[in-house]
file entry.pdb (PDB, C-alpha atoms)
ATOM      1  CA  MET A 226     -26.141   5.894   4.346
ATOM      2  CA  THR A 227     -27.749   8.516   6.557
ATOM      3  CA  ASP A 228     -25.600  11.260   8.006
ATOM      4  CA  PRO A 229     -24.960   9.996  11.582
ATOM      5  CA  ALA A 230     -24.818  13.442  13.161
ATOM      6  CA  PRO A 231     -26.022  16.205  10.838
ATOM      7  CA  SER A 232     -26.089  18.807  13.586
ATOM      8  CA  ALA A 233     -22.358  18.342  14.187
ATOM      9  CA  VAL A 234     -21.286  19.007  10.603
ATOM     10  CA  ARG A 235     -24.110  20.784   8.731
ATOM     11  CA  LEU A 236     -23.307  24.117  10.257
ATOM     12  CA  ASP A 237     -23.984  27.715   9.308
ATOM     13  CA  LEU A 238     -21.123  30.018   8.417
ATOM     14  CA  PRO A 239     -19.858  32.697  10.837
ATOM     15  CA  HIS A 240     -22.185  35.595  11.572
ATOM     16  CA  GLY A 241     -25.193  33.446  10.707
ATOM     17  CA  GLN A 242     -24.511  33.301   6.972
ATOM     18  CA  GLN A 243     -26.299  30.449   5.258
ATOM     19  CA  VAL A 244     -24.494  27.871   3.167
ATOM     20  CA  THR A 245     -26.165  25.226   1.007
ATOM     21  CA  HIS A 246     -25.600  21.695   2.307
ATOM     22  CA  ARG A 247     -26.219  18.746   0.043
ATOM     23  CA  ASP A 248     -24.928  15.313  -0.898
ATOM     24  CA  VAL A 249     -23.404  14.254  -4.211
ATOM     25  CA  ALA A 250     -22.543  10.787  -5.489
ATOM     26  CA  ALA A 251     -19.036  10.116  -6.794
ATOM     27  CA  ASN A 252     -16.674   7.156  -7.111
ATOM     28  CA  GLY A 253     -19.097   4.730  -5.482
ATOM     29  CA  ALA A 254     -19.801   6.799  -2.369
ATOM     30  CA  ARG A 255     -21.816   9.778  -1.130
ATOM     31  CA  PHE A 256     -20.092  13.027  -0.222
ATOM     32  CA  HIS A 257     -21.365  15.942   1.796
ATOM     33  CA  ILE A 258     -20.598  19.394   0.387
ATOM     34  CA  ALA A 259     -21.127  22.951   1.574
ATOM     35  CA  GLU A 260     -21.644  25.424  -1.264
ATOM     36  CA  LEU A 261     -21.795  29.192  -1.647
ATOM     37  CA  GLY A 262     -21.708  31.537  -4.640
ATOM     38  CA  ASP A 263     -21.789  31.292  -8.425
ATOM     39  CA  GLY A 264     -19.027  31.330 -11.004
ATOM     40  CA  PRO A 265     -15.981  29.167 -11.780
ATOM     41  CA  LEU A 266     -15.738  26.217  -9.390
ATOM     42  CA  VAL A 267     -13.221  26.292  -6.533
ATOM     43  CA  LEU A 268     -13.227  22.978  -4.647
ATOM     44  CA  LEU A 269     -11.799  23.090  -1.112
ATOM     45  CA  LEU A 270     -10.284  19.977   0.504
ATOM     46  CA  HIS A 271      -9.736  19.828   4.271
ATOM     47  CA  GLY A 272      -6.991  18.087   6.204
ATOM     48  CA  PHE A 273      -6.646  16.254   9.524
ATOM     49  CA  PRO A 274      -8.223  16.526  12.104
ATOM     50  CA  GLN A 275     -10.867  18.713  10.487
ATOM     51  CA  PHE A 276     -13.795  18.674   8.054
ATOM     52  CA  TRP A 277     -15.323  21.101   5.519
ATOM     53  CA  TRP A 278     -15.895  23.787   8.178
ATOM     54  CA  THR A 279     -12.183  24.663   8.183
ATOM     55  CA  TRP A 280     -12.893  26.631   4.962
ATOM     56  CA  ARG A 281     -15.765  28.695   6.426
ATOM     57  CA  HIS A 282     -13.928  32.007   5.919
ATOM     58  CA  GLN A 283     -12.762  31.166   2.398
ATOM     59  CA  LEU A 284     -16.254  30.116   1.280
ATOM     60  CA  VAL A 285     -17.506  33.631   1.963
ATOM     61  CA  ALA A 286     -14.472  35.368   0.473
ATOM     62  CA  LEU A 287     -14.513  33.265  -2.682
ATOM     63  CA  ALA A 288     -18.268  33.686  -3.191
ATOM     64  CA  ASP A 289     -17.924  37.448  -2.769
ATOM     65  CA  ALA A 290     -15.127  37.389  -5.360
ATOM     66  CA  GLY A 291     -17.336  35.725  -7.968
ATOM     67  CA  TYR A 292     -16.591  32.026  -7.529
ATOM     68  CA  ARG A 293     -18.672  28.940  -6.892
ATOM     69  CA  ALA A 294     -17.006  27.855  -3.659
ATOM     70  CA  VAL A 295     -17.569  24.259  -2.586
ATOM     71  CA  ALA A 296     -16.004  22.596   0.473
ATOM     72  CA  MET A 297     -16.353  18.808   0.593
ATOM     73  CA  ASP A 298     -15.982  16.340   3.408
ATOM     74  CA  LEU A 299     -13.446  13.698   2.451
ATOM     75  CA  ARG A 300     -14.398  10.035   2.503
ATOM     76  CA  GLY A 301     -15.037   8.876   6.064
ATOM     77  CA  VAL A 302     -15.231  12.371   7.583
ATOM     78  CA  GLY A 303     -17.969  14.869   8.427
ATOM     79  CA  GLY A 304     -21.164  14.122   6.569
ATOM     80  CA  SER A 305     -19.638  11.851   3.897
ATOM     81  CA  ASP A 306     -19.897   8.073   3.698
ATOM     82  CA  ARG A 307     -17.735   5.977   5.999
ATOM     83  CA  THR A 308     -16.800   3.103   3.728
ATOM     84  CA  PRO A 309     -14.845   0.042   4.936
ATOM     85  CA  ARG A 310     -12.039   0.624   2.413
ATOM     86  CA  GLY A 311     -10.836   3.024  -0.271
ATOM     87  CA  TYR A 312      -8.501   5.283   1.745
ATOM     88  CA  ASP A 313      -5.431   5.100  -0.473
ATOM     89  CA  PRO A 314      -4.554   8.453  -2.077
ATOM     90  CA  ALA A 315      -5.279   7.354  -5.641
ATOM     91  CA  ASN A 316      -8.861   6.410  -4.744
ATOM     92  CA  LEU A 317      -9.351   9.472  -2.539
ATOM     93  CA  ALA A 318      -8.178  11.660  -5.422
ATOM     94  CA  LEU A 319     -10.773   9.974  -7.645
ATOM     95  CA  ASP A 320     -13.353  10.954  -5.011
ATOM     96  CA  VAL A 321     -12.302  14.568  -5.544
ATOM     97  CA  THR A 322     -12.404  14.510  -9.335
ATOM     98  CA  GLY A 323     -15.648  12.551  -9.201
ATOM     99  CA  VAL A 324     -17.227  15.334  -7.141
ATOM    100  CA  VAL A 325     -16.101  17.863  -9.772
ATOM    101  CA  ARG A 326     -17.942  15.827 -12.402
ATOM    102  CA  SER A 327     -21.005  15.367 -10.184
ATOM    103  CA  LEU A 328     -21.227  19.124  -9.756
ATOM    104  CA  GLY A 329     -21.616  19.399 -13.521
ATOM    105  CA  GLU A 330     -18.415  21.383 -14.011
ATOM    106  CA  PRO A 331     -15.752  20.815 -16.697
ATOM    107  CA  ASP A 332     -12.946  21.497 -14.206
ATOM    108  CA  ALA A 333     -12.121  23.121 -10.882
ATOM    109  CA  ALA A 334      -9.455  25.053  -9.080
ATOM    110  CA  LEU A 335      -8.450  22.677  -6.285
ATOM    111  CA  VAL A 336      -7.425  24.108  -2.920
ATOM    112  CA  GLY A 337      -6.167  21.522  -0.448
ATOM    113  CA  HIS A 338      -4.750  21.681   3.066
ATOM    114  CA  ASP A 339      -2.691  18.955   4.763
ATOM    115  CA  LEU A 340      -4.123  15.595   3.593
ATOM    116  CA  GLY A 341      -6.425  17.543   1.269
ATOM    117  CA  GLY A 342      -3.299  19.104  -0.230
ATOM    118  CA  TYR A 343      -1.773  15.674  -0.759
ATOM    119  CA  LEU A 344      -4.926  14.637  -2.619
ATOM    120  CA  ALA A 345      -4.935  17.867  -4.631
ATOM    121  CA  TRP A 346      -1.388  17.152  -5.827
ATOM    122  CA  THR A 347      -2.470  13.601  -6.681
ATOM    123  CA  ALA A 348      -5.621  14.638  -8.549
ATOM    124  CA  ALA A 349      -3.697  17.190 -10.617
ATOM    125  CA  ALA A 350      -1.276  14.480 -11.723
ATOM    126  CA  MET A 351      -3.891  11.760 -12.309
ATOM    127  CA  ARG A 352      -6.738  13.767 -13.856
ATOM    128  CA  PRO A 353      -5.124  16.944 -15.248
ATOM    129  CA  LYS A 354      -8.052  17.822 -17.519
ATOM    130  CA  LEU A 355     -10.308  18.254 -14.481
ATOM    131  CA  VAL A 356      -7.943  20.604 -12.615
ATOM    132  CA  ARG A 357      -7.824  24.218 -13.802
ATOM    133  CA  ARG A 358      -5.499  25.508 -11.095
ATOM    134  CA  LEU A 359      -3.940  24.051  -7.979
ATOM    135  CA  ALA A 360      -3.364  25.609  -4.554
ATOM    136  CA  VAL A 361      -1.739  23.506  -1.844
ATOM    137  CA  VAL A 362      -1.425  24.463   1.819
ATOM    138  CA  SER A 363       0.963  22.951   4.386
ATOM    139  CA  MET A 364       1.801  19.889   2.316
ATOM    140  CA  PRO A 365       4.721  19.026   0.016
ATOM    141  CA  HIS A 366       4.352  17.164  -3.241
ATOM    142  CA  PRO A 367       3.854  13.426  -2.507
ATOM    143  CA  ARG A 368       7.336  12.547  -3.697
ATOM    144  CA  ARG A 369       8.862  15.303  -1.574
ATOM    145  CA  TRP A 370       6.802  14.081   1.378
ATOM    146  CA  ARG A 371       8.076  10.525   0.915
ATOM    147  CA  ALA A 372      11.691  11.639   0.643
ATOM    148  CA  ALA A 373      11.410  13.812   3.759
ATOM    149  CA  MET A 374       9.772  11.065   5.799
ATOM    150  CA  LEU A 375      12.484   8.573   4.851
ATOM    151  CA  ARG A 376      15.574  10.790   4.897
ATOM    152  CA  ASP A 377      14.988  13.786   7.159
ATOM    153  CA  ALA A 378      15.157  12.900  10.862
ATOM    154  CA  ARG A 379      13.627  16.235  11.859
ATOM    155  CA  GLN A 380      10.636  15.728   9.578
ATOM    156  CA  THR A 381      10.256  12.181  10.867
ATOM    157  CA  ALA A 382      10.142  13.561  14.406
ATOM    158  CA  ALA A 383       7.695  16.320  13.436
ATOM    159  CA  SER A 384       5.432  13.652  11.920
ATOM    160  CA  SER A 385       5.522  11.415  14.986
ATOM    161  CA  TYR A 386       1.722  11.426  15.126
ATOM    162  CA  ILE A 387       1.646   9.647  11.736
ATOM    163  CA  TRP A 388       3.919   6.906  13.013
ATOM    164  CA  GLY A 389       1.659   6.603  16.051
ATOM    165  CA  PHE A 390      -1.329   6.032  13.770
ATOM    166  CA  GLN A 391       0.178   2.718  12.621
ATOM    167  CA  ARG A 392      -0.947   0.971  15.802
ATOM    168  CA  PRO A 393      -4.293  -0.840  15.594
ATOM    169  CA  TRP A 394      -7.267   0.691  17.428
ATOM    170  CA  ILE A 395      -5.239   2.732  19.925
ATOM    171  CA  PRO A 396      -5.248   5.954  17.837
ATOM    172  CA  GLU A 397      -9.012   5.748  17.376
ATOM    173  CA  ARG A 398      -9.528   5.466  21.124
ATOM    174  CA  GLN A 399      -7.133   8.335  21.793
ATOM    175  CA  LEU A 400      -8.854  10.649  19.300
ATOM    176  CA  THR A 401     -12.287  10.120  20.812
ATOM    177  CA  ALA A 402     -11.338   9.910  24.509
ATOM    178  CA  ASP A 403     -12.667  12.698  26.732
ATOM    179  CA  ASP A 404     -14.926  14.018  23.950
ATOM    180  CA  GLY A 405     -12.067  14.448  21.509
ATOM    181  CA  GLU A 406      -9.661  16.211  23.882
ATOM    182  CA  LEU A 407      -6.651  15.123  21.801
ATOM    183  CA  VAL A 408      -8.111  16.784  18.698
ATOM    184  CA  GLY A 409      -8.246  20.093  20.511
ATOM    185  CA  ARG A 410      -4.707  19.685  21.775
ATOM    186  CA  LEU A 411      -3.355  18.896  18.297
ATOM    187  CA  ILE A 412      -5.053  21.909  16.719
ATOM    188  CA  ARG A 413      -3.740  24.243  19.406
ATOM    189  CA  ASP A 414      -0.225  22.753  19.327
ATOM    190  CA  TRP A 415      -0.016  22.939  15.534
ATOM    191  CA  SER A 416      -1.253  26.530  15.327
ATOM    192  CA  GLY A 417       1.038  29.547  15.457
ATOM    193  CA  PRO A 418       0.795  32.343  18.051
ATOM    194  CA  ARG A 419      -2.842  33.044  17.139
ATOM    195  CA  PRO A 420      -4.668  30.252  18.992
ATOM    196  CA  PRO A 421      -8.082  29.098  17.763
ATOM    197  CA  GLU A 422     -11.167  30.082  19.703
ATOM    198  CA  ASP A 423     -12.568  27.569  22.172
ATOM    199  CA  GLU A 424     -15.770  27.116  20.170
ATOM    200  CA  THR A 425     -13.754  26.398  17.028
ATOM    201  CA  VAL A 426     -11.861  23.656  18.844
ATOM    202  CA  ALA A 427     -15.096  22.287  20.297
ATOM    203  CA  THR A 428     -16.568  22.039  16.778
ATOM    204  CA  TYR A 429     -13.713  19.834  15.597
ATOM    205  CA  ARG A 430     -13.865  17.719  18.729
ATOM    206  CA  ARG A 431     -17.566  17.025  18.215
ATOM    207  CA  ALA A 432     -17.044  16.086  14.561
ATOM    208  CA  MET A 433     -14.276  13.613  15.396
ATOM    209  CA  CYS A 434     -16.541  11.852  17.897
ATOM    210  CA  ILE A 435     -19.114  10.920  15.247
ATOM    211  CA  PRO A 436     -18.957   7.098  15.132
ATOM    212  CA  SER A 437     -16.259   5.640  12.827
ATOM    213  CA  THR A 438     -14.802   9.073  11.984
ATOM    214  CA  ALA A 439     -11.604   8.542  13.971
ATOM    215  CA  HIS A 440     -10.921   5.223  12.256
ATOM    216  CA  CYS A 441     -11.573   6.624   8.786
ATOM    217  CA  SER A 442      -9.439   9.693   9.559
ATOM    218  CA  VAL A 443      -6.311   7.687  10.317
ATOM    219  CA  GLU A 444      -6.674   5.080   7.561
ATOM    220  CA  PRO A 445      -5.100   7.313   4.848
ATOM    221  CA  TYR A 446      -2.042   7.816   7.040
ATOM    222  CA  ARG A 447      -1.759   4.103   7.667
ATOM    223  CA  TRP A 448      -1.661   3.537   3.916
ATOM    224  CA  LEU A 449       0.948   6.261   3.396
ATOM    225  CA  VAL A 450       3.397   4.626   5.811
ATOM    226  CA  ARG A 451       2.674   0.944   5.263
ATOM    227  CA  SER A 452       2.891   1.323   1.496
ATOM    228  CA  LEU A 453       6.320   2.991   1.482
ATOM    229  CA  ALA A 454       8.013  -0.306   0.618
ATOM    230  CA  ARG A 455       5.022  -2.198  -0.800
ATOM    231  CA  PRO A 456       4.475  -2.659  -4.550
ATOM    232  CA  ASP A 457       1.288  -0.563  -4.531
ATOM    233  CA  GLY A 458       3.108   2.281  -2.824
ATOM    234  CA  VAL A 459       6.099   2.082  -5.131
ATOM    235  CA  GLN A 460       3.732   2.144  -8.107
ATOM    236  CA  PHE A 461       1.854   5.141  -6.700
ATOM    237  CA  TYR A 462       4.993   7.198  -6.139
ATOM    238  CA  ARG A 463       6.198   6.255  -9.596
ATOM    239  CA  ARG A 464       2.943   7.616 -11.006
ATOM    240  CA  MET A 465       3.538  10.811  -9.072
ATOM    241  CA  LYS A 466       6.616  11.480 -11.217
ATOM    242  CA  ARG A 467       4.128  12.728 -13.783
ATOM    243  CA  PRO A 468       4.495  16.528 -13.626
ATOM    244  CA  VAL A 469       1.699  18.892 -12.680
ATOM    245  CA  ARG A 470       0.920  21.025 -15.721
ATOM    246  CA  VAL A 471      -1.434  23.645 -14.254
ATOM    247  CA  PRO A 472      -0.560  26.915 -12.473
ATOM    248  CA  THR A 473       0.226  26.070  -8.851
ATOM    249  CA  LEU A 474       0.209  28.175  -5.688
ATOM    250  CA  HIS A 475       2.051  26.664  -2.733
ATOM    251  CA  LEU A 476       1.242  28.203   0.666
ATOM    252  CA  HIS A 477       3.007  27.474   3.941
ATOM    253  CA  GLY A 478       3.238  28.853   7.471
ATOM    254  CA  SER A 479       6.761  29.673   8.616
ATOM    255  CA  LEU A 480       6.040  28.250  12.099
ATOM    256  CA  ASP A 481       4.403  25.011  10.927
ATOM    257  CA  PRO A 482       5.558  22.372  13.450
ATOM    258  CA  VAL A 483       4.087  19.447  11.528
ATOM    259  CA  THR A 484       5.401  19.960   8.002
ATOM    260  CA  ARG A 485       8.795  21.620   7.947
ATOM    261  CA  THR A 486       9.294  24.442   5.477
ATOM    262  CA  ARG A 487      12.348  22.603   4.175
ATOM    263  CA  SER A 488      10.169  19.583   3.378
ATOM    264  CA  ALA A 489       7.570  21.581   1.452
ATOM    265  CA  ALA A 490       9.929  23.944  -0.378
ATOM    266  CA  GLY A 491      11.205  22.549  -3.629
ATOM    267  CA  SER A 492       7.935  20.898  -4.647
ATOM    268  CA  GLY A 493       8.054  23.121  -7.711
ATOM    269  CA  GLU A 494      10.408  20.644  -9.352
ATOM    270  CA  TYR A 495       7.306  18.546 -10.039
ATOM    271  CA  VAL A 496       5.398  21.421 -11.657
ATOM    272  CA  GLU A 497       5.817  22.168 -15.359
ATOM    273  CA  ALA A 498       3.700  25.320 -15.191
ATOM    274  CA  PRO A 499       3.782  28.650 -13.343
ATOM    275  CA  TYR A 500       4.614  27.904  -9.702
ATOM    276  CA  ARG A 501       4.376  30.421  -6.870
ATOM    277  CA  TRP A 502       5.692  29.783  -3.353
ATOM    278  CA  ARG A 503       4.241  31.931  -0.556
ATOM    279  CA  LEU A 504       5.503  31.694   3.028
ATOM    280  CA  PHE A 505       3.250  33.244   5.689
ATOM    281  CA  ASP A 506       5.504  34.652   8.376
ATOM    282  CA  GLY A 507       4.415  33.892  11.940
ATOM    283  CA  LEU A 508       1.700  31.355  11.056
ATOM    284  CA  GLY A 509       1.538  27.653  11.836
ATOM    285  CA  HIS A 510      -0.068  24.641  10.212
ATOM    286  CA  PHE A 511      -3.475  26.282   9.592
ATOM    287  CA  PRO A 512      -2.769  29.604   7.819
ATOM    288  CA  HIS A 513      -6.274  29.710   6.320
ATOM    289  CA  GLU A 514      -7.725  29.766   9.840
ATOM    290  CA  GLU A 515      -4.973  31.624  11.685
ATOM    291  CA  ASP A 516      -5.095  34.640   9.343
ATOM    292  CA  PRO A 517      -8.089  34.081   7.064
ATOM    293  CA  ALA A 518      -8.080  37.593   5.593
ATOM    294  CA  ALA A 519      -4.449  37.444   4.445
ATOM    295  CA  PHE A 520      -4.857  33.885   3.206
ATOM    296  CA  SER A 521      -8.048  34.598   1.244
ATOM    297  CA  THR A 522      -6.532  37.720  -0.307
ATOM    298  CA  GLU A 523      -3.476  35.785  -1.477
ATOM    299  CA  LEU A 524      -5.599  32.971  -2.885
ATOM    300  CA  ILE A 525      -8.130  35.172  -4.690
ATOM    301  CA  ASN A 526      -5.493  37.483  -6.160
ATOM    302  CA  TRP A 527      -3.727  34.440  -7.563
ATOM    303  CA  LEU A 528      -6.932  32.897  -8.919
ATOM    304  CA  LYS A 529      -7.765  36.133 -10.714
ATOM    305  CA  ASP A 530      -4.235  36.680 -12.060
ATOM    306  CA  PRO A 531      -4.194  35.803 -15.793
ATOM    307  CA  GLU A 532      -0.397  35.492 -15.610
ATOM    308  CA  PRO A 533       0.199  33.731 -12.276
ATOM    309  CA  ASP A 534       3.933  33.296 -12.855
ATOM    310  CA  ARG A 535       4.624  36.987 -12.337
TER     311      ARG A 535
END

call {"tool": "encode", "arguments": {"input": "entry.pdb", "output": "structure tokens"}}
result
Amino acid sequence: MTDPAPSAVRLDLPHGQQVTHRDVAANGARFHIAELGDGPLVLLLHGFPQFWWTWRHQLVALADAGYRAVAMDLRGVGGSDRTPRGYDPANLALDVTGVVRSLGEPDAALVGHDLGGYLAWTAAAMRPKLVRRLAVVSMPHPRRWRAAMLRDARQTAASSYIWGFQRPWIPERQLTADDGELVGRLIRDWSGPRPPEDETVATYRRAMCIPSTAHCSVEPYRWLVRSLARPDGVQFYRRMKRPVRVPTLHLHGSLDPVTRTRSAAGSGEYVEAPYRWRLFDGLGHFPHEEDPAAFSTELINWLKDPEPDR
């Protein structure tokens, strides 16, 4: 499948820095990646409503720190294939680990935000040999997420957009109406007191308006809710009882209006390895974009720490 809008997603980094764009095959689909640097692999996984470009600052910081930094577009988003099915978290996590293999690496440090964080948790539990370290941003462990959605009225209210995604076709139309105006509103509303620049918002709006992207973007959330009481969902969450056995860094913004701190905190009960919780005071749902310098410093210091439980 040809990239439907390469100019919208195959972008340069800030200040004109060049990044290598290419496609890799994994798990029966084609995935677009943006790559910079050499060294141990750090694979970056974006969330909703974004694509690989959300990691533009971290790609540079990680490459400068001696890492091979790769940001991928998840299935159905950016420059990756828009397949008719395959948006359950188990399959999406196999996309991630398949990309690690396709890059010729024995393992990777996974860094995931929002939905990408959910998939990072899942990949670490399903394919532990391919995950060297795990860093999750703005997302609780899948079992914590499920419990919060079912039992915490405040988290249910904060996640109202996910419940809205369960309607057929309406969310897709809303996301693409007025050149993606809703995407811009969500990003601004979910950010802390440091609002994103207009051009940043415009970039995400353009990417969401690539044909079929809106539909593919909401499909994972439809599965997450509709499967809560279905056998496949029950089986998935049972599999997620398997503990994560790699060092884990859990990052969260104190002002995140989408994922409550109370929902995310406590995910360490599913980690049988060094676990570090870091709360960024005064930041919202996108700490890696709201304060990229502080975020990158925290991440790189942890990646380089031989004893990350200190």

call {"tool": "residues_around", "arguments": {"input": "entry.pdb", "residues": "A:Ile412", "least_positions_apart": "2", "cutoff": "9 Å", "atoms": "all atoms listed in the file", "output": "PyMOL selection string"}}
result
chain A and resi 274+407-410+414-416+420-421+426+429+510-511

call {"tool": "closest_residue", "arguments": {"input": "entry.pdb", "among": "A:Gly304, A:Pro314, A:Gly478, A:Gly329", "to": "A:Ser437", "atoms": "only C-alpha atoms"}}
result
A:Gly304

call {"tool": "closest_residue", "arguments": {"input": "entry.pdb", "among": "A:Tyr292, A:Phe505, A:Trp278, A:Trp388", "to": "A:Ile525", "atoms": "only C-alpha atoms"}}
result
A:Tyr292

call {"tool": "closest_residue", "arguments": {"input": "entry.pdb", "among": "A:Met364, A:Ala233, A:Ala518, A:Ala294", "to": "A:Phe273", "atoms": "only C-alpha atoms"}}
result
A:Met364

call {"tool": "closest_residue", "arguments": {"input": "entry.pdb", "among": "A:Gly241, A:Pro482, A:Pro331, A:Pro472", "to": "A:Tyr500", "atoms": "all atoms listed in the file"}}
result
A:Pro472

call {"tool": "residues_around", "arguments": {"input": "entry.pdb", "residues": "stretch 456-471 of chain A", "least_positions_apart": "3", "cutoff": "9 Å", "atoms": "all atoms listed in the file", "output": "mmCIF file with C-alpha atoms, in the frame of the given file"}}
result
data_model
loop_
_atom_site.group_PDB
_atom_site.id
_atom_site.type_symbol
_atom_site.label_atom_id
_atom_site.label_comp_id
_atom_site.auth_asym_id
_atom_site.auth_seq_id
_atom_site.Cartn_x
_atom_site.Cartn_y
_atom_site.Cartn_z
ATOM 1 C CA PRO A 314 -4.554 8.453 -2.077
ATOM 2 C CA ALA A 315 -5.279 7.354 -5.641
ATOM 3 C CA TRP A 346 -1.388 17.152 -5.827
ATOM 4 C CA THR A 347 -2.470 13.601 -6.681
ATOM 5 C CA ALA A 349 -3.697 17.190 -10.617
ATOM 6 C CA ALA A 350 -1.276 14.480 -11.723
ATOM 7 C CA MET A 351 -3.891 11.760 -12.309
ATOM 8 C CA PRO A 353 -5.124 16.944 -15.248
ATOM 9 C CA VAL A 356 -7.943 20.604 -12.615
ATOM 10 C CA ARG A 357 -7.824 24.218 -13.802
ATOM 11 C CA ARG A 358 -5.499 25.508 -11.095
ATOM 12 C CA LEU A 359 -3.940 24.051 -7.979
ATOM 13 C CA HIS A 366 4.352 17.164 -3.241
ATOM 14 C CA PRO A 367 3.854 13.426 -2.507
ATOM 15 C CA ARG A 368 7.336 12.547 -3.697
ATOM 16 C CA ARG A 371 8.076 10.525 0.915
ATOM 17 C CA TRP A 448 -1.661 3.537 3.916
ATOM 18 C CA LEU A 449 0.948 6.261 3.396
ATOM 19 C CA VAL A 450 3.397 4.626 5.811
ATOM 20 C CA ARG A 451 2.674 0.944 5.263
ATOM 21 C CA SER A 452 2.891 1.323 1.496
ATOM 22 C CA LEU A 453 6.320 2.991 1.482
ATOM 23 C CA GLU A 494 10.408 20.644 -9.352
ATOM 24 C CA TYR A 495 7.306 18.546 -10.039
ATOM 25 C CA VAL A 496 5.398 21.421 -11.657
ATOM 26 C CA GLU A 497 5.817 22.168 -15.359
ATOM 27 C CA ALA A 498 3.700 25.320 -15.191
ATOM 28 C CA PRO A 499 3.782 28.650 -13.343
ATOM 29 C CA TYR A 500 4.614 27.904 -9.702
#

call {"tool": "atom_distance", "arguments": {"input": "entry.pdb", "atom1": "atom CA of A:Gly509", "atom2": "atom CA of A:Ser479"}}
result
6.5 Å

call {"tool": "build_atoms", "arguments": {"input": "entry.pdb", "residues": "stretch 418-431 of chain A", "atoms": "N, CA and C atoms", "output": "PDB file, keeping the file's coordinate frame"}}
result
ATOM      1  N   PRO A 418       1.088  31.552  16.839  1.00  0.00           N
ATOM      2  CA  PRO A 418       0.795  32.343  18.051  1.00  0.00           C
ATOM      3  C   PRO A 418      -0.635  32.868  18.130  1.00  0.00           C
ATOM      4  N   ARG A 419      -1.439  32.627  17.095  1.00  0.00           N
ATOM      5  CA  ARG A 419      -2.842  33.044  17.139  1.00  0.00           C
ATOM      6  C   ARG A 419      -3.702  31.813  17.410  1.00  0.00           C
ATOM      7  N   PRO A 420      -3.957  31.491  18.667  1.00  0.00           N
ATOM      8  CA  PRO A 420      -4.668  30.252  18.992  1.00  0.00           C
ATOM      9  C   PRO A 420      -6.115  30.292  18.521  1.00  0.00           C
ATOM     10  N   PRO A 421      -6.673  29.137  18.177  1.00  0.00           N
ATOM     11  CA  PRO A 421      -8.082  29.098  17.763  1.00  0.00           C
ATOM     12  C   PRO A 421      -9.002  29.356  18.945  1.00  0.00           C
ATOM     13  N   GLU A 422     -10.188  29.843  18.648  1.00  0.00           N
ATOM     14  CA  GLU A 422     -11.167  30.082  19.703  1.00  0.00           C
ATOM     15  C   GLU A 422     -11.663  28.753  20.264  1.00  0.00           C
ATOM     16  N   ASP A 423     -12.118  28.791  21.504  1.00  0.00           N
ATOM     17  CA  ASP A 423     -12.568  27.569  22.172  1.00  0.00           C
ATOM     18  C   ASP A 423     -13.708  26.903  21.410  1.00  0.00           C
ATOM     19  N   GLU A 424     -14.637  27.694  20.881  1.00  0.00           N
ATOM     20  CA  GLU A 424     -15.770  27.116  20.170  1.00  0.00           C
ATOM     21  C   GLU A 424     -15.325  26.450  18.863  1.00  0.00           C
ATOM     22  N   THR A 425     -14.302  27.025  18.234  1.00  0.00           N
ATOM     23  CA  THR A 425     -13.754  26.398  17.028  1.00  0.00           C
ATOM     24  C   THR A 425     -13.201  25.021  17.354  1.00  0.00           C
ATOM     25  N   VAL A 426     -12.428  24.935  18.416  1.00  0.00           N
ATOM     26  CA  VAL A 426     -11.861  23.656  18.844  1.00  0.00           C
ATOM     27  C   VAL A 426     -12.972  22.680  19.208  1.00  0.00           C
ATOM     28  N   ALA A 427     -13.987  23.156  19.900  1.00  0.00           N
ATOM     29  CA  ALA A 427     -15.096  22.287  20.297  1.00  0.00           C
ATOM     30  C   ALA A 427     -15.821  21.720  19.082  1.00  0.00           C
ATOM     31  N   THR A 428     -15.919  22.509  18.007  1.00  0.00           N
ATOM     32  CA  THR A 428     -16.568  22.039  16.778  1.00  0.00           C
ATOM     33  C   THR A 428     -15.821  20.852  16.186  1.00  0.00           C
ATOM     34  N   TYR A 429     -14.506  20.936  16.144  1.00  0.00           N
ATOM     35  CA  TYR A 429     -13.713  19.834  15.597  1.00  0.00           C
ATOM     36  C   TYR A 429     -13.746  18.615  16.514  1.00  0.00           C
ATOM     37  N   ARG A 430     -13.785  18.847  17.797  1.00  0.00           N
ATOM     38  CA  ARG A 430     -13.865  17.719  18.729  1.00  0.00           C
ATOM     39  C   ARG A 430     -15.176  16.959  18.548  1.00  0.00           C
ATOM     40  N   ARG A 431     -16.273  17.690  18.403  1.00  0.00           N
ATOM     41  CA  ARG A 431     -17.566  17.025  18.215  1.00  0.00           C
ATOM     42  C   ARG A 431     -17.587  16.216  16.924  1.00  0.00           C
TER      43      ARG A 431
END
